[in-house]
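Okay, structure first, notes after.
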Amino acid sequence: MQSSLQIKNLQLFRQNELLLHLNEQVNGGEILTLMGPSGSGKSSLLNWLTGALPTGFTTEGEIWLNNNNITQVPAHLRHVGVLYQDALLFSHLSVAGNIAFAMPAGNKKQRLEKIEDALEQLGLKGLADRHPDNLSGGQQARVALLRVLLSEPKAILLDEPFSKLDSQLREDTRALVFEQIRYHQLPALMVTHDHSDAKAAGGKIITLNKTESKDVR
């Protein structure tokens with residue numbers, strides 16, 4: 001069965017103001033991009049998808065992930081991973097500790113082997129015991145990506161994930177992230193202000209305004 005993330009007939013309100021309405025399906029390996037000004041509801045949409053919508057916001061509509069309705073499922077049981085613009089690595093844990101933190105419970109030795117293999121695949125061989133503060137920005141971004149992927153998400157959200165990287169590092173990291181999304185066949189939704197991010201994603205682009213959304217094919 002192909003994986004998919006469906007946003008069914010969403011209406012998102014702040015107080016009584018309609019911020020956005022959306023009805024979309026993202027299949028495994030696809031990236032749906034949302035663009036728009038501050039206040040158009042992008043961050044609130046991500047919060048709704050992760051089960052962390054702040055007080056003052058209300059919604060109508062449903063979230064379906066792999067044909068399961070997760071609209072009322074607690075946040076920690078949704079299996080929706082998020083990659084943020086900051087790596088948000090724990091400075092009191094090693095690289096391996098950061099990745100293991102989000103992994104499903106299991107045999108410790110097998111988990112460590114899985115981490116070592118993943119680090120090697122992403123060009124980080126030998127860095128498992130390194131302190132995250134001693135990594136470059138690009139290395140931190142890759143560790144953050146591995147932490148999301150090894151948590152075994154069923155969908156992934158990208159919240160301006162490349163905005164703090166310089167241009168060359170941005171292109172390299174972006175290519176790696178998109179490659180991993182396609183390899184793992186994860187449905188992905190990306191919020192960005194950068195048109196090059198949207199173009200590189202290769203999927204549908206939706207531009208949000210204050211009160212409506214427009215499709216850009």
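In the structure tokens, the first chain shown is A, the next is B, and so on; residue numbers restart at 1 for each chain, and ligands run from 1 in the order shown.
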Residue contacts of Lys42 (chain A) (7 Å, only C-alpha atoms) excluding same-chain residues fewer than 3 positions away, as a list of chain:residue names: A:Leu45, A:Leu46, A:Val191
Long-range neighbours of Thr59 (chain A) as a list of chain:residue names, 8 Å cut-off, only C-alpha atoms, 6 positions minimum in chain: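 Surrounding residues, per the criterion: A:Leu10, A:Gln11, A:Leu12, A:Phe13.
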Distance query region 122-125 of chain A at most 12 Å, only C-alpha atoms, self and fewer than 6 positions along chain excluded, as a PyMOL selection string: chain A and resi 95-96+113+115-116+132+135-136+138-146+149+172-173+175-177+179-180
Once you have the residues from the selection above, write them out as a short mmCIF file (atom, residue, chain, number, x, y, z; two decimals), in the first residue's frame, restricted to C-alpha atoms.
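New file selection24.cif:
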```cif
data_model
loop_
_atom_site.label_atom_id
_atom_site.label_comp_id
_atom_site.auth_asym_id
_atom_site.auth_seq_id
_atom_site.Cartn_x
_atom_site.Cartn_y
_atom_site.Cartn_z
CA VAL A 95 25.60 12.53 18.10
CA ALA A 96 24.51 8.91 18.61
CA GLU A 113 24.56 -0.52 14.63
CA ILE A 115 22.92 4.57 13.88
CA GLU A 116 26.49 3.78 12.74
CA PRO A 132 27.06 18.05 18.56
CA LEU A 135 29.97 19.77 14.33
CA SER A 136 29.71 22.10 11.36
CA GLY A 138 26.00 21.01 7.57
CA GLN A 139 26.88 18.10 9.83
CA GLN A 140 24.33 19.25 12.42
CA ALA A 141 21.67 19.43 9.71
CA ARG A 142 22.42 15.86 8.65
CA VAL A 143 22.28 14.58 12.23
CA ALA A 144 18.91 16.31 12.66
CA LEU A 145 17.69 14.62 9.48
CA LEU A 146 18.87 11.21 10.71
CA LEU A 149 14.35 9.39 9.75
CA ASP A 172 23.65 20.21 -0.80
CA THR A 173 21.53 19.71 2.33
CA ALA A 175 19.26 17.70 -2.19
CA LEU A 176 20.10 15.19 0.55
CA VAL A 177 16.82 15.76 2.42
CA GLU A 179 16.65 12.34 -1.78
CA GLN A 180 15.97 10.69 1.59
#
```
DSSP alpha helix (DSSP H) selection over region 28-127 of chain A, as a PyMOL selection string: chain A and resi 42-50+95-101+108-121
Go ahead and save the picked residues with N, CA and C atoms, as a JSON list (two decimals), in the first residue's frame.
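Final output, saved to out21.json:
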```json
[["chain", "number", "residue", "atom", "x", "y", "z"],
["A", 42, "LYS", "N", 0.70, 29.19, 7.84],
["A", 42, "LYS", "CA", 1.62, 28.08, 7.55],
["A", 42, "LYS", "C", 2.05, 27.34, 8.81],
["A", 43, "SER", "N", 2.52, 28.09, 9.80],
["A", 43, "SER", "CA", 2.98, 27.45, 11.03],
["A", 43, "SER", "C", 1.83, 26.80, 11.78],
["A", 44, "SER", "N", 0.67, 27.42, 11.74],
["A", 44, "SER", "CA", -0.50, 26.86, 12.42],
["A", 44, "SER", "C", -0.92, 25.55, 11.76],
["A", 45, "LEU", "N", -0.77, 25.47, 10.45],
["A", 45, "LEU", "CA", -1.07, 24.22, 9.74],
["A", 45, "LEU", "C", -0.14, 23.11, 10.22],
["A", 46, "LEU", "N", 1.16, 23.40, 10.32],
["A", 46, "LEU", "CA", 2.10, 22.39, 10.81],
["A", 46, "LEU", "C", 1.76, 21.98, 12.24],
["A", 47, "ASN", "N", 1.40, 22.96, 13.06],
["A", 47, "ASN", "CA", 1.03, 22.65, 14.45],
["A", 47, "ASN", "C", -0.20, 21.73, 14.49],
["A", 48, "TRP", "N", -1.15, 21.99, 13.62],
["A", 48, "TRP", "CA", -2.36, 21.14, 13.56],
["A", 48, "TRP", "C", -1.99, 19.72, 13.15],
["A", 49, "LEU", "N", -1.11, 19.60, 12.16],
["A", 49, "LEU", "CA", -0.72, 18.27, 11.69],
["A", 49, "LEU", "C", 0.03, 17.47, 12.75],
["A", 50, "THR", "N", 0.79, 18.16, 13.60],
["A", 50, "THR", "CA", 1.54, 17.46, 14.64],
["A", 50, "THR", "C", 0.74, 17.28, 15.93],
["A", 95, "VAL", "N", 26.30, 12.66, 19.38],
["A", 95, "VAL", "CA", 25.60, 12.53, 18.10],
["A", 95, "VAL", "C", 24.71, 11.29, 18.12],
["A", 96, "ALA", "N", 25.28, 10.15, 18.54],
["A", 96, "ALA", "CA", 24.51, 8.91, 18.61],
["A", 96, "ALA", "C", 23.36, 9.03, 19.60],
["A", 97, "GLY", "N", 23.61, 9.69, 20.73],
["A", 97, "GLY", "CA", 22.58, 9.88, 21.73],
["A", 97, "GLY", "C", 21.42, 10.71, 21.22],
["A", 98, "ASN", "N", 21.74, 11.74, 20.43],
["A", 98, "ASN", "CA", 20.69, 12.56, 19.83],
["A", 98, "ASN", "C", 19.81, 11.75, 18.90],
["A", 99, "ILE", "N", 20.42, 10.92, 18.08],
["A", 99, "ILE", "CA", 19.66, 10.11, 17.13],
["A", 99, "ILE", "C", 18.84, 9.04, 17.86],
["A", 100, "ALA", "N", 19.49, 8.39, 18.84],
["A", 100, "ALA", "CA", 18.82, 7.31, 19.58],
["A", 100, "ALA", "C", 17.63, 7.82, 20.36],
["A", 101, "PHE", "N", 17.67, 9.09, 20.77],
["A", 101, "PHE", "CA", 16.62, 9.67, 21.59],
["A", 101, "PHE", "C", 15.23, 9.51, 20.95],
["A", 108, "LYS", "N", 19.69, -2.53, 22.31],
["A", 108, "LYS", "CA", 20.64, -1.41, 22.31],
["A", 108, "LYS", "C", 21.73, -1.59, 21.26],
["A", 109, "LYS", "N", 22.27, -2.79, 21.16],
["A", 109, "LYS", "CA", 23.34, -3.05, 20.20],
["A", 109, "LYS", "C", 22.84, -2.85, 18.77],
["A", 110, "GLN", "N", 21.65, -3.35, 18.47],
["A", 110, "GLN", "CA", 21.09, -3.21, 17.13],
["A", 110, "GLN", "C", 20.81, -1.74, 16.80],
["A", 111, "ARG", "N", 20.35, -1.01, 17.80],
["A", 111, "ARG", "CA", 20.09, 0.42, 17.59],
["A", 111, "ARG", "C", 21.38, 1.17, 17.27],
["A", 112, "LEU", "N", 22.45, 0.85, 18.00],
["A", 112, "LEU", "CA", 23.74, 1.50, 17.75],
["A", 112, "LEU", "C", 24.29, 1.14, 16.38],
["A", 113, "GLU", "N", 24.12, -0.11, 15.97],
["A", 113, "GLU", "CA", 24.56, -0.52, 14.63],
["A", 113, "GLU", "C", 23.79, 0.23, 13.55],
["A", 114, "LYS", "N", 22.50, 0.40, 13.78],
["A", 114, "LYS", "CA", 21.67, 1.13, 12.82],
["A", 114, "LYS", "C", 22.11, 2.59, 12.72],
["A", 115, "ILE", "N", 22.45, 3.18, 13.87],
["A", 115, "ILE", "CA", 22.92, 4.57, 13.88],
["A", 115, "ILE", "C", 24.25, 4.68, 13.14],
["A", 116, "GLU", "N", 25.17, 3.76, 13.41],
["A", 116, "GLU", "CA", 26.49, 3.78, 12.74],
["A", 116, "GLU", "C", 26.32, 3.65, 11.22],
["A", 117, "ASP", "N", 25.46, 2.74, 10.79],
["A", 117, "ASP", "CA", 25.22, 2.56, 9.35],
["A", 117, "ASP", "C", 24.64, 3.83, 8.73],
["A", 118, "ALA", "N", 23.69, 4.44, 9.41],
["A", 118, "ALA", "CA", 23.04, 5.64, 8.89],
["A", 118, "ALA", "C", 24.03, 6.80, 8.81],
["A", 119, "LEU", "N", 24.87, 6.94, 9.84],
["A", 119, "LEU", "CA", 25.88, 8.01, 9.83],
["A", 119, "LEU", "C", 26.83, 7.83, 8.64],
["A", 120, "GLU", "N", 27.23, 6.59, 8.40],
["A", 120, "GLU", "CA", 28.14, 6.32, 7.28],
["A", 120, "GLU", "C", 27.48, 6.66, 5.95],
["A", 121, "GLN", "N", 26.21, 6.32, 5.80],
["A", 121, "GLN", "CA", 25.49, 6.59, 4.55],
["A", 121, "GLN", "C", 25.42, 8.09, 4.26]]
```
Counting only C-alpha atoms, which residues in region 66-181 of chain A sit no more than 12 Å from region 17-25 of chain A? For each one, give the nearest pair of atoms and the distance in Å, sorted by chain then residue number, as a Markdown table.
```
| residue | atom | partner | partner_atom | distance |
| --- | --- | --- | --- | --- |
| A:Asn66 | CA | A:Gln25 | CA | 10.7 |
| A:Asn67 | CA | A:Gln25 | CA | 11.1 |
| A:Ala155 | CA | A:Gln25 | CA | 11.9 |
```
Would you export the selected residues with N, CA and C atoms as an mmCIF file, in the first residue's frame, please?
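Printed below is result35.cif as written:
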```cif
data_model
loop_
_atom_site.group_PDB
_atom_site.id
_atom_site.type_symbol
_atom_site.label_atom_id
_atom_site.label_comp_id
_atom_site.auth_asym_id
_atom_site.auth_seq_id
_atom_site.Cartn_x
_atom_site.Cartn_y
_atom_site.Cartn_z
ATOM 1 N N ASN A 66 -1.873 7.294 5.818
ATOM 2 C CA ASN A 66 -1.922 5.884 5.392
ATOM 3 C C ASN A 66 -3.305 5.269 5.654
ATOM 4 N N ASN A 67 -4.323 6.045 5.258
ATOM 5 C CA ASN A 67 -5.722 5.600 5.366
ATOM 6 C C ASN A 67 -6.224 5.459 6.798
ATOM 7 N N ALA A 155 5.225 10.260 7.938
ATOM 8 C CA ALA A 155 5.185 11.475 7.121
ATOM 9 C C ALA A 155 6.192 12.438 7.730
#
```
